[in-house]
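**Student:** Pasting entry-v3.txt here (compact mmCIF, C-alpha atoms):
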```txt
# COMPACT_ATOMS: atom_id res chain seq x y z
CA MET D 29 8.00 -116.44 -213.30
CA PRO D 30 6.49 -116.89 -216.77
CA ASN D 31 8.12 -119.55 -218.87
CA VAL D 32 10.06 -117.22 -221.16
CA ASN D 33 13.43 -118.61 -220.16
CA VAL D 34 14.89 -120.18 -223.27
CA PHE D 35 16.87 -122.68 -221.20
CA LEU D 36 13.71 -123.95 -219.55
CA THR D 37 12.12 -124.36 -222.96
CA HIS D 38 15.03 -126.14 -224.59
CA ARG D 39 16.51 -127.84 -221.55
CA PRO D 40 13.58 -128.56 -219.26
CA GLN D 41 14.29 -129.82 -215.77
CA GLN D 42 11.45 -132.30 -216.10
CA VAL D 43 11.21 -134.07 -219.42
CA TYR D 44 7.79 -134.93 -220.83
CA VAL D 45 7.18 -136.86 -224.01
CA LYS D 46 4.05 -137.67 -225.92
CA ALA D 47 3.43 -141.20 -227.14
CA PHE D 48 0.43 -143.48 -227.55
CA SER D 49 -1.65 -140.25 -227.64
CA GLN D 50 -0.68 -139.39 -224.12
CA GLN D 51 1.90 -137.41 -222.17
CA TRP D 52 4.49 -139.25 -220.09
CA ALA D 53 6.71 -137.81 -217.39
CA LEU D 54 10.26 -139.11 -217.18
CA VAL D 55 11.95 -139.29 -213.82
CA GLY D 56 15.60 -138.54 -214.61
CA GLU D 57 16.96 -135.50 -212.83
CA THR D 58 20.71 -135.80 -213.02
CA ALA D 59 23.26 -136.66 -215.68
CA TYR D 60 23.88 -139.83 -213.68
CA ASP D 61 20.22 -140.89 -214.14
CA TRP D 62 20.23 -140.19 -217.85
CA LEU D 63 23.61 -141.70 -218.65
CA GLY D 64 22.76 -144.82 -216.65
CA CYS D 65 19.46 -145.32 -218.40
CA ILE D 66 20.87 -144.57 -221.85
CA GLY D 67 23.73 -146.97 -221.15
CA ALA D 68 21.27 -149.75 -220.36
CA ASP D 69 20.39 -150.03 -224.05
CA LEU D 70 22.40 -147.85 -226.40
CA THR D 71 20.61 -149.19 -229.47
CA GLY D 72 16.94 -149.08 -228.55
CA LEU D 73 17.18 -146.65 -225.62
CA THR D 74 14.56 -148.69 -223.79
CA GLY D 75 16.24 -147.70 -220.53
CA VAL D 76 14.90 -144.20 -221.25
CA PHE D 77 11.47 -145.18 -222.48
CA PRO D 78 9.86 -147.12 -220.86
CA GLY D 79 12.76 -147.26 -218.38
CA MET D 80 12.34 -143.74 -217.02
CA VAL D 81 8.56 -143.43 -217.14
CA GLU D 82 7.18 -142.25 -213.82
CA GLU D 83 6.07 -145.18 -211.71
CA THR D 84 2.48 -143.96 -211.38
CA GLN D 85 2.11 -144.14 -215.18
CA LEU D 86 3.38 -147.68 -215.67
CA GLU D 87 -0.07 -149.26 -215.60
CA MET D 88 -1.23 -146.89 -218.32
CA LEU D 89 1.78 -147.76 -220.46
CA TYR D 90 1.15 -151.46 -219.89
CA GLU D 91 -2.16 -151.08 -221.72
CA HIS D 92 -0.13 -150.64 -224.90
CA ILE D 93 2.40 -153.41 -224.36
CA LEU D 94 0.80 -155.84 -226.82
CA GLU D 95 0.47 -153.35 -229.65
CA GLU D 96 2.33 -154.48 -232.74
CA ASP D 97 4.54 -151.39 -232.91
CA PHE D 98 5.06 -150.97 -229.16
CA HIS D 99 8.83 -151.39 -229.36
CA ASP D 100 9.31 -149.08 -232.35
CA ARG D 101 7.22 -146.39 -230.71
CA CYS D 102 9.24 -146.75 -227.52
CA ILE D 103 12.45 -146.24 -229.49
CA ARG D 104 11.15 -143.14 -231.25
CA THR D 105 9.85 -141.70 -227.99
CA ALA D 106 13.12 -142.39 -226.20
CA ARG D 107 15.04 -140.57 -228.90
CA VAL D 108 12.85 -137.51 -228.53
CA ALA D 109 13.30 -137.70 -224.76
CA VAL D 110 17.09 -137.81 -225.04
CA GLY D 111 17.08 -134.81 -227.38
CA ARG D 112 14.75 -132.91 -225.09
CA ALA D 113 16.80 -133.62 -221.98
CA ALA D 114 20.06 -132.75 -223.73
CA GLY D 115 18.75 -129.66 -225.48
CA LYS D 116 20.43 -131.01 -228.59
CA ASP D 117 19.71 -133.35 -231.46
CA TRP D 118 19.17 -136.77 -229.92
CA TRP D 119 21.82 -138.42 -232.07
CA TRP D 120 24.39 -135.78 -231.06
CA ALA D 121 23.65 -136.45 -227.39
CA LEU D 122 23.64 -140.20 -227.94
CA ASN D 123 26.96 -140.10 -229.80
CA LEU D 124 28.51 -138.14 -226.94
CA CYS D 125 27.12 -140.65 -224.44
CA LYS D 126 28.72 -143.40 -226.53
CA GLN D 127 32.04 -141.64 -226.08
CA ILE D 128 31.51 -141.04 -222.37
CA LEU D 129 30.28 -144.44 -221.23
CA PRO D 130 33.10 -146.73 -222.40
CA GLY D 131 35.64 -144.36 -220.86
CA TRP D 132 33.55 -143.71 -217.75
CA SER D 133 36.29 -144.22 -215.18
CA LEU D 134 38.58 -141.76 -216.89
CA ILE D 135 36.00 -139.13 -217.86
CA ASN D 136 34.15 -139.35 -214.56
CA GLY D 137 37.46 -139.10 -212.74
CA ILE D 138 38.53 -136.00 -214.65
CA MET D 139 35.12 -134.39 -214.19
CA LEU D 140 35.16 -135.12 -210.47
CA ARG D 141 38.58 -133.54 -210.16
CA GLU D 142 37.13 -130.54 -211.98
CA GLY D 143 34.42 -130.43 -209.31
CA ILE D 144 31.63 -131.74 -211.57
CA SER D 145 29.72 -134.74 -210.28
CA SER D 146 27.26 -136.40 -212.64
CA GLN D 147 25.06 -137.01 -209.60
CA HIS D 148 24.65 -133.32 -208.90
CA ILE D 149 24.29 -131.80 -212.34
CA GLY D 150 21.68 -131.91 -215.10
CA PHE D 151 22.18 -134.01 -218.22
CA ALA D 152 22.45 -131.08 -220.64
CA ASP D 153 25.01 -129.25 -218.51
CA TYR D 154 27.05 -132.40 -218.07
CA LEU D 155 27.15 -133.01 -221.81
CA ASP D 156 28.28 -129.40 -222.30
CA ALA D 157 31.01 -129.89 -219.74
CA VAL D 158 32.28 -133.13 -221.28
CA TYR D 159 32.05 -131.75 -224.80
CA SER D 160 34.06 -128.68 -223.85
CA LEU D 161 36.61 -130.91 -222.11
CA LEU D 162 37.05 -133.11 -225.19
CA TRP D 163 37.14 -130.07 -227.47
CA GLU D 164 39.65 -128.23 -225.31
CA ARG D 165 42.00 -131.20 -225.19
CA SER D 166 42.02 -131.76 -228.95
CA ASP D 167 44.00 -130.10 -231.69
CA LYS D 168 42.29 -128.58 -234.74
CA GLU D 169 42.02 -131.89 -236.52
CA GLY D 170 40.78 -133.63 -233.40
CA ARG D 171 38.07 -131.01 -232.91
CA MET D 172 36.85 -131.47 -236.45
CA LYS D 173 36.83 -135.23 -236.00
CA LEU D 174 34.93 -134.88 -232.75
CA ASP D 175 32.26 -132.67 -234.30
CA VAL D 176 31.88 -134.98 -237.29
CA GLU D 177 31.54 -138.02 -235.02
CA LEU D 178 28.96 -136.34 -232.83
CA SER D 179 26.90 -135.15 -235.78
CA MET D 180 26.64 -138.57 -237.40
CA MET D 181 23.21 -140.15 -237.32
CA PRO D 182 23.05 -143.88 -236.51
CA ALA D 183 22.87 -146.12 -239.57
CA GLY D 184 19.38 -146.60 -240.92
CA VAL D 185 17.93 -143.57 -239.15
CA ARG D 186 16.11 -140.83 -240.96
CA VAL D 187 14.94 -137.63 -239.36
CA LYS D 188 11.87 -135.76 -240.46
CA GLN D 189 12.97 -132.25 -241.33
CA ASN D 190 10.57 -129.33 -241.25
CA SER D 191 10.62 -126.77 -244.05
CA ALA D 192 12.42 -124.15 -241.93
CA ALA D 193 15.26 -126.57 -241.15
CA ARG D 194 15.46 -127.60 -244.81
CA LYS D 195 15.65 -123.94 -245.90
CA ARG D 196 18.32 -123.25 -243.29
CA MET D 197 20.34 -126.19 -244.55
CA LEU D 198 20.06 -125.00 -248.16
CA ASP D 199 21.06 -121.47 -247.13
CA ASP D 200 24.08 -122.86 -245.29
CA PHE D 201 25.01 -124.88 -248.32
CA ALA D 202 24.65 -121.87 -250.62
CA ALA D 203 26.79 -119.78 -248.28
CA ASP D 204 29.68 -122.27 -248.35
CA MET R 20 10.17 -178.63 -240.85
CA THR R 21 8.82 -176.34 -238.15
CA ALA R 22 12.04 -174.34 -238.12
CA GLU R 23 11.48 -173.44 -241.77
CA LYS R 24 7.89 -172.49 -241.05
CA TYR R 25 9.07 -169.74 -238.70
CA ALA R 26 12.21 -168.79 -240.61
CA ASP R 27 10.86 -165.34 -241.41
CA ILE R 28 10.14 -164.46 -237.80
CA PRO R 29 13.17 -162.72 -236.28
CA GLY R 30 14.49 -164.52 -233.25
CA ALA R 31 11.92 -167.35 -233.36
CA TYR R 32 13.07 -170.24 -231.20
CA PRO R 33 11.85 -173.63 -229.97
CA TYR R 34 11.15 -174.25 -226.31
CA THR R 35 9.93 -177.40 -224.66
CA ILE R 36 7.00 -177.27 -222.25
CA ALA R 37 5.61 -180.42 -220.65
CA GLY R 38 7.55 -182.52 -223.15
CA ARG R 39 6.13 -180.74 -226.19
CA GLU R 40 8.29 -178.57 -228.41
CA MET R 41 6.72 -175.23 -229.20
CA TRP R 42 7.89 -172.18 -231.11
CA PHE R 43 7.96 -168.66 -229.75
CA LYS R 44 9.02 -165.19 -230.74
CA PRO R 45 11.13 -163.32 -228.20
CA PRO R 46 9.58 -160.37 -226.36
CA SER R 47 10.77 -156.97 -227.52
CA GLN R 48 13.29 -155.11 -225.39
CA GLY R 49 10.62 -152.49 -224.65
CA GLN R 50 8.32 -155.20 -223.27
CA ILE R 51 11.15 -156.66 -221.20
CA VAL R 52 12.05 -153.29 -219.67
CA LEU R 53 8.44 -152.44 -218.85
CA PHE R 54 7.90 -155.85 -217.28
CA GLU R 55 11.11 -155.44 -215.29
CA ARG R 56 9.79 -152.12 -213.96
CA PHE R 57 6.73 -153.95 -212.58
CA ARG R 58 8.94 -156.64 -211.09
CA MET R 59 11.02 -154.01 -209.31
CA GLN R 60 7.81 -152.40 -208.09
CA LEU R 61 6.86 -155.75 -206.56
CA VAL R 62 10.29 -156.08 -204.91
CA GLY R 63 9.76 -152.64 -203.37
CA ILE R 64 6.32 -153.62 -202.07
CA GLN R 65 7.69 -156.85 -200.62
CA ARG R 66 10.30 -154.87 -198.71
CA MET R 67 7.57 -152.78 -197.09
CA ASN R 68 6.23 -155.90 -195.34
CA ASP R 69 2.62 -155.21 -196.38
CA GLU R 70 1.51 -158.78 -196.99
CA ASP R 71 -1.88 -157.99 -198.55
CA GLU R 72 -0.39 -155.47 -200.93
CA ALA R 73 2.43 -157.89 -201.81
CA ILE R 74 -0.09 -160.63 -202.66
CA ARG R 75 -2.12 -158.24 -204.79
CA ALA R 76 1.01 -157.06 -206.60
CA THR R 77 2.21 -160.63 -207.15
CA ILE R 78 -1.12 -161.68 -208.65
CA GLY R 79 -1.04 -158.57 -210.84
CA LEU R 80 2.47 -159.37 -212.01
CA ILE R 81 1.57 -162.97 -212.85
CA ALA R 82 -1.43 -161.78 -214.85
CA LYS R 83 0.78 -159.36 -216.75
CA ALA R 84 3.37 -162.07 -217.38
CA LEU R 85 0.74 -164.48 -218.73
CA ASN R 86 -0.68 -161.77 -220.92
CA VAL R 87 2.67 -161.04 -222.52
CA ILE R 88 3.61 -164.74 -222.79
CA ASP R 89 0.28 -165.34 -224.48
CA SER R 90 1.36 -163.02 -227.28
CA LEU R 91 4.64 -164.86 -227.82
CA PHE R 92 3.21 -168.20 -229.02
CA LEU R 93 3.63 -168.73 -232.74
CA ASP R 94 1.06 -171.49 -232.85
CA SER R 95 -2.38 -170.97 -231.36
CA GLY R 96 -2.69 -174.74 -230.81
CA ASP R 97 0.31 -174.61 -228.48
CA ARG R 98 -1.20 -171.66 -226.66
CA ASP R 99 -4.46 -173.51 -226.10
CA TYR R 100 -2.54 -176.56 -224.89
CA VAL R 101 -0.56 -174.54 -222.34
CA GLU R 102 -3.70 -172.73 -221.17
CA MET R 103 -5.35 -176.09 -220.65
CA LEU R 104 -2.37 -177.36 -218.63
CA ILE R 105 -2.43 -174.27 -216.44
CA SER R 106 -6.18 -174.45 -215.89
CA GLN R 107 -5.79 -178.09 -214.85
CA ASN R 108 -2.93 -177.21 -212.49
CA LYS R 109 -0.60 -179.43 -214.50
CA LEU R 110 1.88 -176.68 -215.23
CA GLU R 111 3.67 -174.30 -212.90
CA ILE R 112 3.79 -170.69 -214.04
CA THR R 113 7.52 -170.70 -213.33
CA GLU R 114 7.96 -173.22 -216.14
CA ILE R 115 6.88 -170.69 -218.73
CA THR R 116 8.25 -167.45 -217.27
CA PRO R 117 11.64 -168.00 -219.01
CA LEU R 118 9.73 -167.13 -222.19
CA LEU R 119 9.81 -163.53 -220.97
CA ALA R 120 13.58 -163.70 -221.30
CA GLY R 121 13.50 -165.28 -224.75
CA GLY R 122 13.65 -168.80 -223.33
CA ARG R 123 16.60 -168.23 -221.04
CA THR R 124 16.40 -169.17 -217.40
CA VAL R 125 18.34 -166.51 -215.62
CA ALA R 126 18.71 -167.38 -211.96
CA VAL R 127 16.83 -169.44 -209.45
CA SER R 128 17.41 -166.92 -206.72
CA ASP R 129 18.44 -163.33 -206.11
CA ASP R 130 21.37 -164.60 -204.08
CA ASP R 131 24.71 -163.86 -205.68
CA ASP R 132 26.17 -167.22 -204.73
CA VAL R 133 23.61 -169.24 -206.70
CA ASP R 134 24.58 -170.65 -210.08
CA PRO R 135 22.19 -169.81 -212.91
CA GLN R 136 20.21 -172.76 -214.27
CA PRO R 137 21.27 -174.14 -217.62
CA VAL R 138 19.57 -172.90 -220.73
CA LYS R 139 16.51 -175.04 -221.39
CA LYS R 140 16.07 -174.36 -225.08
CA THR R 141 15.77 -177.35 -227.37
CA ALA R 142 19.31 -178.03 -228.51
CA GLY R 143 20.43 -177.95 -232.12
CA LYS R 144 17.32 -176.46 -233.67
CA ALA R 145 18.03 -172.80 -233.94
CA ASN R 146 16.12 -170.73 -236.43
CA PRO R 147 17.79 -171.42 -239.79
CA SER R 148 17.19 -167.87 -240.96
CA ARG R 149 19.50 -166.67 -238.20
CA ALA R 150 22.07 -169.35 -238.77
CA LYS R 151 22.56 -168.27 -242.36
CA ARG R 152 23.47 -164.69 -241.40
```
Written as structure tokens, how would this file's structure read?

**Tutor:**
Amino acid sequence: MPNVNVFLTHRPQQVYVKAFSQQWALVGETAYDWLGCIGADLTGLTGVFPGMVEETQLEMLYEHILEEDFHDRCIRTARVAVGRAAGKDWWWALNLCKQILPGWSLINGIMLREGISSQHIGFADYLDAVYSLLWERSDKEGRMKLDVELSMMPAGVRVKQNSAARKRMLDDFAAD
Amino acid sequence: MTAEKYADIPGAYPYTIAGREMWFKPPSQGQIVLFERFRMQLVGIQRMNDEDEAIRATIGLIAKALNVIDSLFLDSGDRDYVEMLISQNKLEITEITPLLAGGRTVAVSDDDDVDPQPVKKTAGKANPSRAKR
């Protein structure tokens, strides 16, 4: 089947990222994999990159380990990976993970009772499920608060915006 | 005196090797995670009971560790001194591997019932730039 499926484009089953002028395959398949690796380092996301890099590529990545900006490039790559796996802005996905992980016993318990196991479902679908759960269980004010919290970028982070996104933002602003 | 010299280097810390105090920068978290991936790879190989492969992997891991540690010295004179000690078999590699964990010695064994070794950093000489914050 040709790759015209929008879900496969925006929520790929296998996540690839490009860094150090090369493509890297990440091994996470389930929400459990992604949440666990994100939870390993919520600030730098090093559990995602280099943490999830396919084992056969580790030697190639090692060649870059002494580069001055190795860590910063890992962080940027990990962010892209999280966004790609979630099919959302990386900071939105990360903010939701930050809500999920501290309350893991409760959220995991509720999800399991709903028949959703993080070990048997993709990351993007799991985030959708948790988001809808939190949204459903909030009142109007709570929903607004949730959306604001999830949309907030971490302090000190800037995102490069392309011209189309900038125009869309201006149009939205003008429409308000 | 030396502490002020490295005040601008985030996380710089003193560590004593063979009775000589030296200053190091900590490895980045990205370096630590990548190194840990190799260590886990070695653990997996060791479980397969392939002795030759395990030896090869161990040598590879030591080379990688030394390479990273080499980049953590803040004084090239200290680096040369440690290299000399190693080449003369006067220093065990295990004495410098805590540098991969920012100077902390984590555990002497994988066994859960073993107490971790005490921190071996030089006491009372933390980086003044960090102390001020």

**Student:** Should the cut-off be 8 Å, what would the residue list for chain R against chain D look like, counting only C-alpha atoms, as a list in words?

**Tutor:**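 Matching residues, ligands excluded from the count: Ser47, Gln48, Gly49, Gln50, Val52, Leu53, Arg56, Phe57, Val87 and Ser90 of chain R.
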
**Student:** Those same residues - C-alpha atoms - I'd like them written as a PDB file, keeping the file's coordinate frame.

**Tutor:**
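File produced: result.pdb:
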```
ATOM      1  CA  SER R  47      10.770-156.970-227.520  1.00  0.00           C
ATOM      2  CA  GLN R  48      13.290-155.110-225.390  1.00  0.00           C
ATOM      3  CA  GLY R  49      10.620-152.490-224.650  1.00  0.00           C
ATOM      4  CA  GLN R  50       8.320-155.200-223.270  1.00  0.00           C
ATOM      5  CA  VAL R  52      12.050-153.290-219.670  1.00  0.00           C
ATOM      6  CA  LEU R  53       8.440-152.440-218.850  1.00  0.00           C
ATOM      7  CA  ARG R  56       9.790-152.120-213.960  1.00  0.00           C
ATOM      8  CA  PHE R  57       6.730-153.950-212.580  1.00  0.00           C
ATOM      9  CA  VAL R  87       2.670-161.040-222.520  1.00  0.00           C
ATOM     10  CA  SER R  90       1.360-163.020-227.280  1.00  0.00           C
TER      11      SER R  90
END
```

**Student:** Neighbouring residues of Thr21 of chain R were defined as those with any atom within 9 Å, considering all atoms listed in the file; residues of the same chain fewer than 4 positions away were excluded. Please report them as a ChimeraX atom specification.

**Tutor:** /R:25-26,42

**Student:** For Glu177 of chain D, which residue out of D:Ala59, D:Leu124, D:Ile144, D:Trp132 is the nearest one, using all atoms listed in the file?

**Tutor:**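 Result for the nearest residue to Glu177 of chain D: D:Leu124.
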
**Student:** Distance atom CA of Asp69 of chain R-atom CA of Ile88 of chain R, one decimal place?

**Tutor:**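 Interatomic distance, atom CA of Asp69 of chain R to atom CA of Ile88 of chain R: 28.1 Å.
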
**Student:** Measuring between only C-alpha atoms, which one of D:Lys173, D:Ile138, D:Ala114, D:Asp167 shows the shortest distance to Leu63 of chain D?

**Tutor:**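 For Leu63 of chain D, the nearest of the given residues is D:Ala114.
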
**Student:** State, in Å with one decimal place, the distance from atom CA of Gln147 of chain D to atom CA of Leu129 of chain D.

**Tutor:**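 If I compute the distance from atom CA of Gln147 of chain D to atom CA of Leu129 of chain D, I get 14.8 Å.
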
**Student:** What does the structure give for the distance between atom CA of Phe151 of chain D and atom CA of Met180 of chain D, in Å to one decimal?

**Tutor:**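 So the answer is 20.2 Å.
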
**Student:** Restricting the calculation to all atoms listed in the file: of R:Gly79, R:Gly38, R:Pro29, R:Pro117, which residue gets closest to Leu61 of chain R?

**Tutor:** R:Gly79

**Student:** Of the candidates D:Ile128, D:Leu174, D:Val185, D:Leu54, which shows the shortest atom-to-atom distance to Ala157 of chain D, using all atoms listed in the file?

**Tutor:** D:Ile128

**Student:** I need the residue nearest Leu104 of chain R from this list: R:Pro33, R:Asp130, R:Arg39, R:Ile28. Use all atoms listed in the file for the distance.

**Tutor:** R:Arg39

**Student:** So that I can see what lies close to segment 158-161 of chain D, please list as a VMD selection string the residues with an atom at most 10 Å from it, counting only C-alpha atoms and leaving out residues fewer than 3 positions away in the same chain.

**Tutor:** chain D and resid 121 124 to 125 127 to 128 135 to 136 138 to 139 144 153 to 155 164 to 166 174 to 175 178

**Student:** Within 12 Å of Gln42 of chain D, counting only C-alpha atoms, which residues show up once you throw out same-chain ones fewer than 3 positions away? Write them as a list in words, please.

**Tutor:**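 Contacts, with the query itself left out: Leu36, Thr37, His38, Arg39, Val45, Trp52, Ala53, Leu54, Val55, Gly56, Glu57, Thr58, Trp62, Met80, Val81, Glu82, Ala109, Val110, Arg112, Ala113, Ala114, Gly150, Phe151 and Ala152 of chain D.
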
**Student:** What would the file look like if the residues just selected were written as a PDB file, in the coordinates of the input with C-alpha atoms?

**Tutor:**
```pdb
ATOM      1  CA  LEU D  36      13.710-123.950-219.550  1.00  0.00           C
ATOM      2  CA  THR D  37      12.120-124.360-222.960  1.00  0.00           C
ATOM      3  CA  HIS D  38      15.030-126.140-224.590  1.00  0.00           C
ATOM      4  CA  ARG D  39      16.510-127.840-221.550  1.00  0.00           C
ATOM      5  CA  VAL D  45       7.180-136.860-224.010  1.00  0.00           C
ATOM      6  CA  TRP D  52       4.490-139.250-220.090  1.00  0.00           C
ATOM      7  CA  ALA D  53       6.710-137.810-217.390  1.00  0.00           C
ATOM      8  CA  LEU D  54      10.260-139.110-217.180  1.00  0.00           C
ATOM      9  CA  VAL D  55      11.950-139.290-213.820  1.00  0.00           C
ATOM     10  CA  GLY D  56      15.600-138.540-214.610  1.00  0.00           C
ATOM     11  CA  GLU D  57      16.960-135.500-212.830  1.00  0.00           C
ATOM     12  CA  THR D  58      20.710-135.800-213.020  1.00  0.00           C
ATOM     13  CA  TRP D  62      20.230-140.190-217.850  1.00  0.00           C
ATOM     14  CA  MET D  80      12.340-143.740-217.020  1.00  0.00           C
ATOM     15  CA  VAL D  81       8.560-143.430-217.140  1.00  0.00           C
ATOM     16  CA  GLU D  82       7.180-142.250-213.820  1.00  0.00           C
ATOM     17  CA  ALA D 109      13.300-137.700-224.760  1.00  0.00           C
ATOM     18  CA  VAL D 110      17.090-137.810-225.040  1.00  0.00           C
ATOM     19  CA  ARG D 112      14.750-132.910-225.090  1.00  0.00           C
ATOM     20  CA  ALA D 113      16.800-133.620-221.980  1.00  0.00           C
ATOM     21  CA  ALA D 114      20.060-132.750-223.730  1.00  0.00           C
ATOM     22  CA  GLY D 150      21.680-131.910-215.100  1.00  0.00           C
ATOM     23  CA  PHE D 151      22.180-134.010-218.220  1.00  0.00           C
ATOM     24  CA  ALA D 152      22.450-131.080-220.640  1.00  0.00           C
TER      25      ALA D 152
END
```
